[in-house]
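Have a look at my_file_24.txt; it's compact mmCIF, C-alpha atoms:
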```
# COMPACT_ATOMS: atom_id res chain seq x y z
CA MET A 2 -98.74 -61.47 -102.96
CA LYS A 3 -96.69 -59.61 -100.35
CA VAL A 4 -98.95 -57.85 -97.83
CA LEU A 5 -98.12 -55.23 -95.19
CA VAL A 6 -100.69 -54.54 -92.46
CA ILE A 7 -100.41 -51.32 -90.46
CA GLY A 8 -101.55 -51.40 -86.84
CA GLY A 9 -101.24 -53.50 -83.72
CA GLY A 10 -104.63 -54.29 -82.25
CA ALA A 11 -107.07 -57.21 -82.26
CA ARG A 12 -108.54 -55.93 -85.54
CA GLU A 13 -105.12 -56.14 -87.20
CA HIS A 14 -104.51 -59.57 -85.64
CA ALA A 15 -107.82 -60.75 -87.14
CA LEU A 16 -106.81 -59.34 -90.52
CA CYS A 17 -103.37 -60.94 -90.32
CA ARG A 18 -104.83 -64.28 -89.27
CA SER A 19 -107.16 -64.30 -92.28
CA LEU A 20 -104.40 -63.17 -94.62
CA SER A 21 -102.02 -65.82 -93.27
CA LEU A 22 -104.55 -68.48 -94.29
CA ASP A 23 -104.84 -67.09 -97.82
CA PRO A 24 -102.82 -69.23 -100.27
CA ASP A 25 -102.21 -66.19 -102.49
CA VAL A 26 -100.25 -64.43 -99.70
CA SER A 27 -96.56 -65.29 -100.09
CA ALA A 28 -95.24 -62.95 -97.38
CA LEU A 29 -97.07 -61.22 -94.54
CA HIS A 30 -95.69 -58.24 -92.61
CA CYS A 31 -97.16 -56.04 -89.89
CA ALA A 32 -96.05 -52.75 -88.36
CA PRO A 33 -95.86 -52.32 -85.46
CA GLY A 34 -97.91 -55.42 -84.60
CA ASN A 35 -98.16 -57.08 -81.20
CA ALA A 36 -97.16 -60.29 -79.42
CA GLY A 37 -99.88 -62.35 -81.09
CA ILE A 38 -99.44 -60.99 -84.61
CA ALA A 39 -95.76 -61.95 -84.37
CA GLU A 40 -96.86 -65.59 -84.61
CA VAL A 41 -98.30 -65.13 -88.13
CA ALA A 42 -96.44 -62.13 -89.58
CA GLU A 43 -93.00 -60.54 -89.57
CA LEU A 44 -93.08 -57.42 -87.40
CA HIS A 45 -91.44 -54.08 -88.17
CA ALA A 46 -90.92 -51.10 -85.90
CA VAL A 47 -92.53 -48.05 -87.48
CA ASP A 48 -94.58 -45.06 -86.40
CA ALA A 49 -98.00 -45.94 -87.83
CA LEU A 50 -98.86 -42.22 -88.05
CA ASP A 51 -95.79 -41.40 -90.16
CA GLY A 52 -96.90 -41.72 -93.77
CA THR A 53 -93.41 -41.29 -95.16
CA ALA A 54 -91.99 -44.02 -92.91
CA VAL A 55 -94.83 -46.41 -93.75
CA ALA A 56 -94.42 -45.78 -97.48
CA GLU A 57 -90.66 -46.32 -97.23
CA LEU A 58 -91.21 -49.61 -95.42
CA ALA A 59 -93.77 -50.77 -97.99
CA ALA A 60 -91.36 -49.95 -100.82
CA ALA A 61 -88.46 -51.69 -99.11
CA LEU A 62 -90.57 -54.82 -98.61
CA GLU A 63 -91.79 -54.61 -102.23
CA ALA A 64 -95.33 -54.92 -100.89
CA ASP A 65 -98.09 -55.70 -103.38
CA LEU A 66 -100.73 -54.46 -100.95
CA VAL A 67 -100.75 -52.28 -97.84
CA VAL A 68 -103.71 -52.55 -95.46
CA VAL A 69 -104.08 -49.61 -93.06
CA GLY A 70 -106.02 -50.88 -90.05
CA PRO A 71 -106.61 -48.09 -87.48
CA GLU A 72 -108.46 -44.82 -87.99
CA ALA A 73 -105.74 -42.47 -86.75
CA PRO A 74 -103.22 -43.31 -89.53
CA LEU A 75 -105.98 -42.98 -92.13
CA VAL A 76 -106.99 -39.54 -90.88
CA ALA A 77 -103.29 -38.63 -90.78
CA GLY A 78 -102.95 -39.42 -94.50
CA VAL A 79 -100.87 -42.59 -94.33
CA ALA A 80 -102.82 -44.17 -97.20
CA ASP A 81 -102.12 -41.08 -99.34
CA ALA A 82 -98.38 -41.41 -98.76
CA VAL A 83 -98.41 -45.08 -99.78
CA ARG A 84 -100.49 -44.39 -102.89
CA ALA A 85 -98.07 -41.65 -103.87
CA ARG A 86 -95.38 -44.35 -104.12
CA GLY A 87 -97.56 -46.31 -106.56
CA ILE A 88 -98.31 -49.11 -104.10
CA PRO A 89 -101.90 -50.42 -103.86
CA VAL A 90 -103.36 -49.57 -100.47
CA PHE A 91 -106.58 -50.62 -98.78
CA GLY A 92 -107.80 -47.56 -96.90
CA PRO A 93 -109.27 -44.17 -97.78
CA SER A 94 -107.44 -40.89 -98.29
CA ALA A 95 -107.18 -38.44 -95.41
CA GLU A 96 -109.89 -36.31 -96.98
CA ALA A 97 -112.29 -39.25 -97.36
CA ALA A 98 -111.41 -40.55 -93.87
CA ARG A 99 -112.99 -37.38 -92.49
CA LEU A 100 -116.16 -39.45 -92.68
CA GLU A 101 -114.92 -40.90 -89.40
CA GLY A 102 -112.57 -38.13 -88.35
CA SER A 103 -115.34 -35.54 -88.16
CA LYS A 104 -118.91 -36.31 -87.10
CA ALA A 105 -119.96 -32.95 -88.55
CA PHE A 106 -118.47 -33.80 -91.96
CA ALA A 107 -120.26 -37.15 -91.91
CA LYS A 108 -123.57 -35.42 -91.18
CA ASP A 109 -123.01 -33.09 -94.13
CA VAL A 110 -122.31 -36.03 -96.45
CA MET A 111 -125.39 -37.89 -95.23
CA ALA A 112 -127.57 -34.83 -95.75
CA ALA A 113 -126.29 -34.38 -99.31
CA ALA A 114 -126.75 -38.11 -100.07
CA GLY A 115 -130.19 -38.37 -98.49
CA VAL A 116 -129.00 -40.97 -96.00
CA PRO A 117 -131.36 -41.44 -93.03
CA THR A 118 -129.77 -40.41 -89.74
CA ALA A 119 -130.56 -38.69 -86.45
CA ARG A 120 -131.36 -34.99 -86.36
CA SER A 121 -128.41 -33.13 -84.86
CA TYR A 122 -126.71 -29.88 -83.95
CA VAL A 123 -123.00 -29.07 -84.26
CA CYS A 124 -121.98 -27.04 -81.20
CA THR A 125 -118.85 -25.05 -80.35
CA THR A 126 -120.07 -22.83 -77.49
CA ALA A 127 -121.71 -23.42 -74.12
CA ALA A 128 -124.81 -21.57 -75.28
CA GLU A 129 -125.16 -23.78 -78.37
CA ILE A 130 -124.69 -26.87 -76.21
CA ASP A 131 -127.44 -25.81 -73.80
CA GLU A 132 -129.79 -25.03 -76.68
CA ALA A 133 -129.21 -28.42 -78.32
CA LEU A 134 -129.62 -30.39 -75.10
CA ASP A 135 -132.89 -28.58 -74.38
CA ALA A 136 -134.12 -29.15 -77.93
CA PHE A 137 -133.74 -32.93 -77.82
CA GLY A 138 -134.16 -33.75 -74.14
CA ALA A 139 -133.21 -37.03 -72.50
CA PRO A 140 -131.72 -39.45 -73.31
CA TYR A 141 -128.92 -37.09 -74.34
CA VAL A 142 -126.51 -38.18 -77.08
CA VAL A 143 -123.25 -36.19 -77.15
CA LYS A 144 -120.44 -37.04 -79.57
CA ASP A 145 -116.95 -35.60 -79.71
CA ASP A 146 -116.56 -34.36 -83.28
CA GLY A 147 -113.06 -35.86 -83.63
CA LEU A 148 -111.48 -39.27 -83.12
CA ALA A 149 -111.86 -40.69 -79.63
CA ALA A 150 -110.98 -44.40 -79.97
CA GLY A 151 -114.63 -45.43 -79.67
CA LYS A 152 -115.06 -43.67 -76.32
CA GLY A 153 -116.06 -40.14 -77.39
CA VAL A 154 -119.80 -40.74 -77.13
CA VAL A 155 -121.92 -40.22 -74.02
CA VAL A 156 -125.52 -41.41 -73.89
CA THR A 157 -127.15 -40.44 -70.61
CA ASP A 158 -130.34 -39.25 -68.93
CA ASP A 159 -128.22 -36.92 -66.77
CA ALA A 160 -128.19 -33.43 -68.30
CA GLU A 161 -125.19 -32.35 -66.25
CA GLN A 162 -123.13 -35.36 -67.36
CA ALA A 163 -124.06 -34.64 -70.97
CA ARG A 164 -123.18 -30.96 -70.57
CA ALA A 165 -119.84 -31.74 -68.89
CA HIS A 166 -118.81 -34.07 -71.72
CA ALA A 167 -119.86 -31.55 -74.35
CA ASN A 168 -117.99 -28.69 -72.71
CA ALA A 169 -114.83 -30.82 -72.48
CA CYS A 170 -114.72 -31.13 -76.28
CA ASP A 171 -113.66 -28.47 -78.76
CA ARG A 172 -116.62 -29.26 -80.99
CA VAL A 173 -119.46 -31.71 -80.45
CA VAL A 174 -122.39 -33.16 -82.30
CA ILE A 175 -125.53 -33.40 -80.17
CA GLU A 176 -128.30 -35.46 -81.68
CA GLU A 177 -131.64 -37.06 -81.01
CA PHE A 178 -131.66 -40.47 -79.35
CA LEU A 179 -132.35 -43.36 -81.72
CA ASP A 180 -134.41 -46.21 -80.30
CA GLY A 181 -134.02 -49.85 -81.30
CA PRO A 182 -131.15 -52.35 -81.54
CA GLU A 183 -127.82 -51.41 -83.11
CA VAL A 184 -126.18 -53.22 -86.03
CA SER A 185 -122.73 -52.91 -87.60
CA LEU A 186 -122.44 -53.45 -91.34
CA PHE A 187 -119.10 -53.33 -93.17
CA ALA A 188 -118.74 -52.76 -96.89
CA VAL A 189 -115.64 -53.01 -99.09
CA THR A 190 -115.54 -50.37 -101.83
CA ASP A 191 -113.19 -49.15 -104.55
CA GLY A 192 -114.95 -45.78 -104.75
CA GLU A 193 -117.62 -46.97 -107.17
CA SER A 194 -118.57 -50.60 -106.56
CA VAL A 195 -119.70 -51.56 -103.05
CA VAL A 196 -119.60 -55.12 -101.65
CA PRO A 197 -121.33 -55.57 -98.27
CA LEU A 198 -120.05 -58.04 -95.70
CA GLN A 199 -122.24 -59.82 -93.14
CA PRO A 200 -123.81 -57.76 -90.32
CA ALA A 201 -122.69 -58.08 -86.72
CA GLN A 202 -123.65 -56.64 -83.35
CA ASP A 203 -121.23 -55.44 -80.71
CA PHE A 204 -121.54 -54.59 -77.03
CA LYS A 205 -120.30 -51.13 -76.11
CA ARG A 206 -120.98 -50.98 -72.37
CA ALA A 207 -118.33 -52.24 -69.97
CA TYR A 208 -120.44 -54.53 -67.80
CA ASP A 209 -123.11 -57.22 -68.02
CA GLY A 210 -126.62 -56.06 -68.78
CA ASP A 211 -125.29 -53.09 -70.76
CA ALA A 212 -124.29 -51.31 -67.55
CA GLY A 213 -121.29 -49.04 -67.03
CA PRO A 214 -119.47 -46.64 -69.31
CA ASN A 215 -119.05 -46.85 -73.07
CA THR A 216 -115.94 -48.72 -74.23
CA GLY A 217 -114.32 -49.53 -77.54
CA GLY A 218 -116.38 -52.75 -77.51
CA MET A 219 -116.48 -55.73 -75.15
CA GLY A 220 -117.64 -58.42 -77.55
CA ALA A 221 -119.61 -59.18 -80.71
CA TYR A 222 -121.47 -61.87 -82.61
CA SER A 223 -122.56 -62.75 -86.14
CA PRO A 224 -124.94 -63.57 -87.81
CA LEU A 225 -128.04 -61.79 -86.47
CA PRO A 226 -130.90 -64.33 -86.44
CA TRP A 227 -133.42 -61.65 -85.55
CA ALA A 228 -132.57 -59.25 -88.38
CA ASP A 229 -134.76 -58.80 -91.45
CA PRO A 230 -133.28 -60.87 -94.31
CA LYS A 231 -133.63 -57.77 -96.49
CA LEU A 232 -131.61 -55.58 -94.11
CA VAL A 233 -128.33 -55.73 -96.04
CA ASP A 234 -130.03 -54.90 -99.34
CA GLU A 235 -131.90 -52.01 -97.73
CA VAL A 236 -128.73 -50.57 -96.20
CA MET A 237 -126.91 -50.96 -99.51
CA ASP A 238 -129.64 -49.01 -101.32
CA THR A 239 -130.27 -46.28 -98.75
CA VAL A 240 -126.91 -45.86 -96.98
CA LEU A 241 -123.77 -47.45 -98.41
CA GLN A 242 -124.04 -46.89 -102.16
CA PRO A 243 -125.47 -43.33 -101.79
CA THR A 244 -122.63 -42.40 -99.42
CA VAL A 245 -119.93 -43.76 -101.74
CA ASP A 246 -121.56 -42.01 -104.71
CA GLU A 247 -121.80 -38.70 -102.83
CA LEU A 248 -118.15 -38.81 -101.73
CA ARG A 249 -117.12 -39.40 -105.33
CA ARG A 250 -119.26 -36.46 -106.49
CA HIS A 251 -117.78 -34.44 -103.64
CA GLY A 252 -114.31 -35.00 -105.10
CA THR A 253 -113.20 -37.25 -102.24
CA PRO A 254 -113.70 -40.82 -103.52
CA PHE A 255 -113.73 -43.36 -100.72
CA SER A 256 -111.76 -46.56 -101.29
CA GLY A 257 -111.39 -49.08 -98.48
CA LEU A 258 -113.71 -50.24 -95.72
CA LEU A 259 -116.87 -48.26 -95.04
CA TYR A 260 -118.43 -49.16 -91.71
CA ALA A 261 -122.03 -48.14 -91.02
CA GLY A 262 -123.18 -48.15 -87.41
CA LEU A 263 -126.95 -48.48 -87.63
CA ALA A 264 -129.99 -48.24 -85.38
CA ILE A 265 -133.04 -50.28 -86.37
CA THR A 266 -135.62 -47.78 -85.08
CA SER A 267 -139.39 -47.76 -85.02
CA ARG A 268 -139.16 -45.38 -88.01
CA GLY A 269 -136.73 -47.56 -89.98
CA VAL A 270 -132.95 -47.83 -90.38
CA ARG A 271 -130.95 -44.79 -89.25
CA VAL A 272 -127.17 -44.25 -89.38
CA ILE A 273 -125.58 -43.64 -85.99
CA GLU A 274 -122.06 -43.15 -87.32
CA PHE A 275 -119.61 -44.05 -90.05
CA ASN A 276 -116.15 -45.48 -89.59
CA ALA A 277 -113.48 -45.51 -92.28
CA ARG A 278 -111.98 -48.90 -91.35
CA PHE A 279 -112.80 -52.33 -89.99
CA GLY A 280 -114.42 -52.06 -86.57
CA ASP A 281 -113.17 -53.79 -83.45
CA PRO A 282 -114.53 -56.21 -82.14
CA GLU A 283 -116.95 -56.83 -85.04
CA THR A 284 -114.09 -57.59 -87.44
CA GLN A 285 -113.20 -60.63 -85.39
CA VAL A 286 -116.57 -62.34 -85.91
CA VAL A 287 -117.16 -61.17 -89.49
CA LEU A 288 -113.79 -62.43 -90.76
CA ALA A 289 -114.24 -65.68 -88.81
CA ARG A 290 -117.24 -66.41 -91.06
CA LEU A 291 -115.76 -65.21 -94.38
CA LYS A 292 -114.76 -68.14 -96.60
CA THR A 293 -113.59 -66.04 -99.56
CA PRO A 294 -109.81 -65.48 -99.35
CA LEU A 295 -109.26 -61.98 -97.98
CA ALA A 296 -106.21 -60.72 -99.89
CA GLY A 297 -107.87 -60.77 -103.30
CA LEU A 298 -110.90 -58.89 -102.01
CA LEU A 299 -108.82 -56.10 -100.44
CA HIS A 300 -106.53 -55.91 -103.47
CA ALA A 301 -109.53 -55.56 -105.80
CA ALA A 302 -110.76 -52.60 -103.75
CA ALA A 303 -107.28 -51.05 -103.75
CA THR A 304 -106.90 -51.38 -107.53
CA GLY A 305 -110.40 -50.38 -108.64
CA THR A 306 -111.44 -53.84 -109.87
CA LEU A 307 -114.07 -54.69 -107.28
CA GLY A 308 -116.86 -54.65 -109.86
CA THR A 309 -115.64 -57.94 -111.38
CA PHE A 310 -114.80 -59.67 -108.08
CA PRO A 311 -116.67 -62.96 -107.48
CA THR A 312 -119.58 -63.13 -105.05
CA LEU A 313 -118.40 -63.54 -101.46
CA ARG A 314 -118.77 -66.92 -99.77
CA TRP A 315 -119.75 -67.25 -96.10
CA SER A 316 -119.89 -69.95 -93.45
CA ASP A 317 -123.39 -71.03 -92.45
CA GLY A 318 -122.33 -71.11 -88.81
CA ALA A 319 -121.90 -68.44 -86.16
CA ALA A 320 -119.05 -66.60 -84.47
CA VAL A 321 -118.74 -64.94 -81.05
CA THR A 322 -115.89 -62.88 -79.64
CA VAL A 323 -115.36 -61.92 -75.99
CA VAL A 324 -112.96 -59.14 -75.02
CA ILE A 325 -110.71 -59.52 -71.98
CA ALA A 326 -109.84 -56.07 -70.64
CA SER A 327 -107.33 -54.79 -68.11
CA HIS A 328 -108.11 -53.81 -64.56
CA ASN A 329 -109.86 -50.40 -64.43
CA TYR A 330 -110.68 -50.29 -68.17
CA PRO A 331 -112.00 -48.03 -69.72
CA ASP A 332 -110.59 -45.46 -67.31
CA THR A 333 -106.84 -45.73 -66.69
CA PRO A 334 -106.07 -49.40 -67.31
CA ARG A 335 -103.34 -51.21 -65.46
CA THR A 336 -100.68 -52.68 -67.73
CA GLY A 337 -97.63 -54.92 -67.37
CA ASP A 338 -99.47 -57.91 -65.87
CA PRO A 339 -98.47 -61.39 -67.12
CA ILE A 340 -100.98 -63.32 -69.25
CA GLU A 341 -101.16 -67.08 -68.74
CA GLY A 342 -103.18 -69.82 -70.39
CA LEU A 343 -102.71 -68.81 -74.04
CA ALA A 344 -100.98 -72.10 -74.85
CA ASP A 345 -103.83 -74.01 -73.19
CA VAL A 346 -106.33 -72.41 -75.57
CA ALA A 347 -104.15 -73.28 -78.56
CA GLU A 348 -103.81 -76.88 -77.32
CA HIS A 349 -107.38 -77.62 -76.27
CA ASP A 350 -109.70 -75.28 -78.20
CA ALA A 351 -108.19 -74.59 -81.61
CA PRO A 352 -109.21 -74.28 -84.37
CA GLU A 353 -112.79 -73.58 -83.25
CA ALA A 354 -111.60 -71.05 -80.66
CA TYR A 355 -108.53 -68.85 -80.75
CA VAL A 356 -107.07 -65.73 -79.15
CA LEU A 357 -106.50 -62.45 -80.97
CA HIS A 358 -104.13 -60.02 -79.27
CA ALA A 359 -104.86 -56.33 -78.82
CA GLY A 360 -102.89 -54.67 -76.03
CA THR A 361 -100.02 -57.10 -75.48
CA LYS A 362 -96.24 -57.16 -75.55
CA ARG A 363 -93.42 -59.59 -74.72
CA ASP A 364 -90.87 -58.94 -72.00
CA GLY A 365 -87.21 -59.88 -72.18
CA SER A 366 -87.95 -63.47 -71.17
CA GLY A 367 -90.59 -63.92 -73.87
CA ALA A 368 -93.55 -63.79 -71.48
CA VAL A 369 -96.69 -62.06 -72.78
CA LEU A 370 -97.77 -59.01 -70.75
CA SER A 371 -100.80 -56.72 -70.88
CA ALA A 372 -100.04 -53.43 -72.63
CA GLY A 373 -103.38 -51.71 -73.08
CA GLY A 374 -107.02 -51.45 -72.03
CA ARG A 375 -108.51 -54.15 -74.21
CA VAL A 376 -105.94 -56.92 -74.02
CA LEU A 377 -107.33 -59.95 -75.88
CA SER A 378 -110.28 -60.99 -78.01
CA VAL A 379 -111.26 -64.63 -77.65
CA THR A 380 -113.09 -65.67 -80.81
CA ALA A 381 -114.94 -68.91 -81.47
CA THR A 382 -117.02 -70.41 -84.24
CA GLY A 383 -119.74 -73.02 -84.17
CA SER A 384 -122.77 -74.37 -85.96
CA ASP A 385 -124.93 -71.88 -84.07
CA LEU A 386 -124.57 -69.02 -81.61
CA THR A 387 -125.03 -71.25 -78.56
CA THR A 388 -122.14 -73.49 -79.60
CA ALA A 389 -119.93 -70.55 -80.59
CA ARG A 390 -120.41 -68.72 -77.29
CA GLN A 391 -119.88 -71.90 -75.25
CA ARG A 392 -116.56 -72.42 -77.02
CA ALA A 393 -115.57 -68.78 -76.58
CA TYR A 394 -116.26 -68.75 -72.84
CA ARG A 395 -114.56 -72.10 -72.33
CA ALA A 396 -111.44 -70.59 -73.87
CA VAL A 397 -111.80 -67.40 -71.82
CA GLY A 398 -111.83 -69.57 -68.71
CA ARG A 399 -108.37 -70.91 -69.52
CA ILE A 400 -106.79 -67.43 -69.55
CA SER A 401 -105.41 -65.79 -66.44
CA LEU A 402 -104.76 -62.03 -66.21
CA ASP A 403 -104.73 -60.49 -62.76
CA GLY A 404 -107.53 -57.96 -62.25
CA SER A 405 -108.93 -58.48 -65.73
CA GLN A 406 -112.59 -58.10 -66.62
CA HIS A 407 -114.91 -59.42 -69.29
CA ARG A 408 -118.62 -59.51 -69.90
CA THR A 409 -120.33 -62.86 -69.34
CA ASP A 410 -123.42 -62.10 -71.42
CA ILE A 411 -122.08 -61.59 -74.95
CA ALA A 412 -124.77 -62.92 -77.36
CA ALA A 413 -126.55 -64.63 -74.44
CA LYS A 414 -130.07 -63.33 -75.07
CA VAL A 415 -130.01 -63.81 -78.82
CA ALA A 416 -128.49 -67.30 -78.53
CA GLU A 417 -131.17 -68.32 -76.04
CA ALA A 418 -133.93 -66.93 -78.24
CA ALA A 419 -132.50 -68.55 -81.38
CA ALA A 420 -132.35 -71.91 -79.60
CA GLY A 421 -136.01 -71.68 -78.49
CA ALA A 422 -138.52 -73.98 -80.14
CA GLY A 423 -139.83 -71.93 -83.04
CA ASP A 424 -139.08 -68.65 -81.28
CA GLU A 425 -137.80 -65.72 -83.29
CA ALA A 426 -134.43 -64.63 -81.95
CA ALA A 427 -134.61 -61.27 -80.23
CA PRO A 428 -131.98 -58.57 -80.60
CA GLN A 429 -129.75 -57.50 -77.76
CA ALA A 430 -130.44 -54.10 -76.23
```

Could you show the structure in this file as structure tokens?
Amino acid sequence: MKVLVIGGGAREHALCRSLSLDPDVSALHCAPGNAGIAEVAELHAVDALDGTAVAELAAALEADLVVVGPEAPLVAGVADAVRARGIPVFGPSAEAARLEGSKAFAKDVMAAAGVPTARSYVCTTAAEIDEALDAFGAPYVVKDDGLAAGKGVVVTDDAEQARAHANACDRVVIEEFLDGPEVSLFAVTDGESVVPLQPAQDFKRAYDGDAGPNTGGMGAYSPLPWADPKLVDEVMDTVLQPTVDELRRHGTPFSGLLYAGLAITSRGVRVIEFNARFGDPETQVVLARLKTPLAGLLHAAATGTLGTFPTLRWSDGAAVTVVIASHNYPDTPRTGDPIEGLADVAEHDAPEAYVLHAGTKRDGSGAVLSAGGRVLSVTATGSDLTTARQRAYRAVGRISLDGSQHRTDIAAKVAEAAAGAGDEAAPQA
């Protein structure tokens, strides 16, 4: 099978790494890719938002499967352009991708499907914003209605900060605060059948102790020892399958990866948001534990044959990923700094720990430089969370990037609780 992956972040590197290990994949391509993906796939220069260009590339490569990684190309209709050429593509149509592209659209779908979520208001004027903020009170939850690369959400007790963020957006969704730990659950779907993956938890805040601004994600872990064993079945029955069924009834069938961001509240499971693609950094830990070859799973979703796909197989162990970010992330990150120590990780820590590239590039001499806010994801596996996080942080310690930052507490609380004598592992905040 010839596979073309669209994108160039750590999520796409994780996808390419898994696909490169799949014996059914005879050729692996990525566009535009990054310095790390170049080690496992042939790179091609293409505008990932140009559906025509992507479809032309897929046809020229005689691709058997195209995997569209990021949300922006999906919302721009890249998957539609590839499908129009008769090439199987993993990723929803532009219309179905509105589930991520518009928070208001997602709320409408959830209401029609009876999916539990936070009460909310859609606001376009200053008066509507003030009314919604007053109605819910602190903590205030304000979400840019459109795509914002994981940084369009403000959760704050400061009414003026909430109001400023809301007024800076063309349209916002203001909703009630949901208490309880957050969980990410991915599901692969062909528009009818839905196959859930294993849950993960990510860390959105920039600094240790969940301090600082929201980011695209600073780390993640899987599995969740503290979660109810029935959680996945419950989310399948109350969230994932109803949403897929409603989108099909709505005339916008969703085929690809449906990501449910969940809050486990005192009143039960509630949906925080939907994404229309694999999430970053949760993808890194989920795929690290998936034993079923990836290409066949994605191809089954792309060709409408998921209903007969074999049951997924998973590692019994754990996975942890730690994000290394540039100086000043998530504000205006500094780029162009050399990255050292990558070869040391490959020599001393592989295969249990490895580096996935996000914002990187090579200069004329072949050196790897930082080229974005989140630069690398260091992912490690182990028999348990304690072992996995020890391996991840040992590998992080080998990497040098001037001015870089990373959290030191990814999965720390839950690993400590899980290692306690008979103690039930507690969720992270």

Q: Mind checking which residues fall within 6 Å of stretch 334-337 of chain A, counting only C-alpha atoms, ignoring those fewer than 3 positions away in the same chain, and posting them as number ranges by chain?
A: A: 327-330, 370-372, 374

Q) Hey, can you check how far atom CA of A:Val189 sits from atom CA of A:Gly252? A)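 These atoms are spaced 19.0 Å apart.
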
Could you name the residues that touch A:Leu29 at 7 Å or less, counting only C-alpha atoms, but leaving out those on the same chain fewer than 4 positions away, as a CSV table (one decimal) with C-alpha atoms, in the coordinates of the input?
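Done, and the output landed in part-v5.csv:
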```csv
chain,number,residue,atom,x,y,z
A,3,LYS,CA,-96.7,-59.6,-100.4
A,4,VAL,CA,-99.0,-57.8,-97.8
A,5,LEU,CA,-98.1,-55.2,-95.2
A,21,SER,CA,-102.0,-65.8,-93.3
A,42,ALA,CA,-96.4,-62.1,-89.6
A,43,GLU,CA,-93.0,-60.5,-89.6
```

Q | Å distance separating atom CA of A:Phe204 from atom CA of A:Glu235, one decimal place | A | 23.3 Å

**Q.** Test item: residues at most 9 Å from A:Arg164, all atoms listed in the file, excluding those fewer than 4 positions along its chain, as a ChimeraX atom specification
**A.** /A:127,130-131,134,143,159-160,168-169

Q | Polymer residues at most 12 Å from (-127.3, -44.0, -101.1) by all atoms listed in the file, as number ranges by chain | A | A: 110-117, 193, 195, 234-249, 272

With C-alpha atoms kept, could you save the residues just selected as a CSV table (one decimal), in the frame of the given file?
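Output saved as again-v4.csv:
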```csv
chain,number,residue,atom,x,y,z
A,110,VAL,CA,-122.3,-36.0,-96.4
A,111,MET,CA,-125.4,-37.9,-95.2
A,112,ALA,CA,-127.6,-34.8,-95.8
A,113,ALA,CA,-126.3,-34.4,-99.3
A,114,ALA,CA,-126.8,-38.1,-100.1
A,115,GLY,CA,-130.2,-38.4,-98.5
A,116,VAL,CA,-129.0,-41.0,-96.0
A,117,PRO,CA,-131.4,-41.4,-93.0
A,193,GLU,CA,-117.6,-47.0,-107.2
A,195,VAL,CA,-119.7,-51.6,-103.0
A,234,ASP,CA,-130.0,-54.9,-99.3
A,235,GLU,CA,-131.9,-52.0,-97.7
A,236,VAL,CA,-128.7,-50.6,-96.2
A,237,MET,CA,-126.9,-51.0,-99.5
A,238,ASP,CA,-129.6,-49.0,-101.3
A,239,THR,CA,-130.3,-46.3,-98.8
A,240,VAL,CA,-126.9,-45.9,-97.0
A,241,LEU,CA,-123.8,-47.4,-98.4
A,242,GLN,CA,-124.0,-46.9,-102.2
A,243,PRO,CA,-125.5,-43.3,-101.8
A,244,THR,CA,-122.6,-42.4,-99.4
A,245,VAL,CA,-119.9,-43.8,-101.7
A,246,ASP,CA,-121.6,-42.0,-104.7
A,247,GLU,CA,-121.8,-38.7,-102.8
A,248,LEU,CA,-118.2,-38.8,-101.7
A,249,ARG,CA,-117.1,-39.4,-105.3
A,272,VAL,CA,-127.2,-44.2,-89.4
```

Taking only residues of stretch 186-224 of chain A that have an atom at most 10 Å from an atom of stretch 305-313 of chain A, what is each one's shortest atom pair and its distance in Å to one decimal, using all atoms listed in the file, in chain and number order, as JSON lines?
```
{"residue": "A:Val189", "atom": "CA", "partner": "A:Leu307", "partner_atom": "CA", "distance": 8.5}
{"residue": "A:Thr190", "atom": "CA", "partner": "A:Leu307", "partner_atom": "CA", "distance": 7.1}
{"residue": "A:Asp191", "atom": "CA", "partner": "A:Gly305", "partner_atom": "CA", "distance": 5.1}
{"residue": "A:Gly192", "atom": "CA", "partner": "A:Gly305", "partner_atom": "CA", "distance": 7.5}
{"residue": "A:Glu193", "atom": "CA", "partner": "A:Gly305", "partner_atom": "CA", "distance": 8.1}
{"residue": "A:Ser194", "atom": "CA", "partner": "A:Gly308", "partner_atom": "CA", "distance": 5.5}
{"residue": "A:Val195", "atom": "CA", "partner": "A:Leu307", "partner_atom": "CA", "distance": 7.7}
{"residue": "A:Val196", "atom": "CA", "partner": "A:Leu307", "partner_atom": "CA", "distance": 7.9}
{"residue": "A:Pro197", "atom": "CA", "partner": "A:Leu313", "partner_atom": "CA", "distance": 9.1}
{"residue": "A:Leu198", "atom": "CA", "partner": "A:Leu313", "partner_atom": "CA", "distance": 8.1}
{"residue": "A:Gln199", "atom": "CA", "partner": "A:Leu313", "partner_atom": "CA", "distance": 9.9}
```

(Q) Would you compute the distance between atom CA of A:Tyr208 and atom CA of A:Glu13? Give it in Å to one decimal. (A)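 Rounded to one decimal, the two atoms are 24.8 Å apart.
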
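Closest approach to A:Gly8 among A:Phe106, A:Arg278, A:Ala419, A:Asp211: A:Arg278, based on all atoms listed in the file.
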
Excluding stretch 47-52 of chain A and residues on its chain fewer than 6 positions from it, collect all residues at most 6 Å away from it, counting all atoms listed in the file, and give them as a compact mmCIF listing (two decimals) with C-alpha atoms, in the frame of the given file.
```txt
# COMPACT_ATOMS: atom_id res chain seq x y z
CA ALA A 32 -96.05 -52.75 -88.36
CA PRO A 33 -95.86 -52.32 -85.46
CA PRO A 74 -103.22 -43.31 -89.53
CA VAL A 79 -100.87 -42.59 -94.33
CA ALA A 82 -98.38 -41.41 -98.76
```

Q | Distance criterion (all atoms listed in the file): nearest to A:Thr118 out of A:Leu186, A:Ala347, A:Ala296, A:Leu179 | A |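 Checking each candidate against A:Thr118, we get A:Leu179 as the closest.
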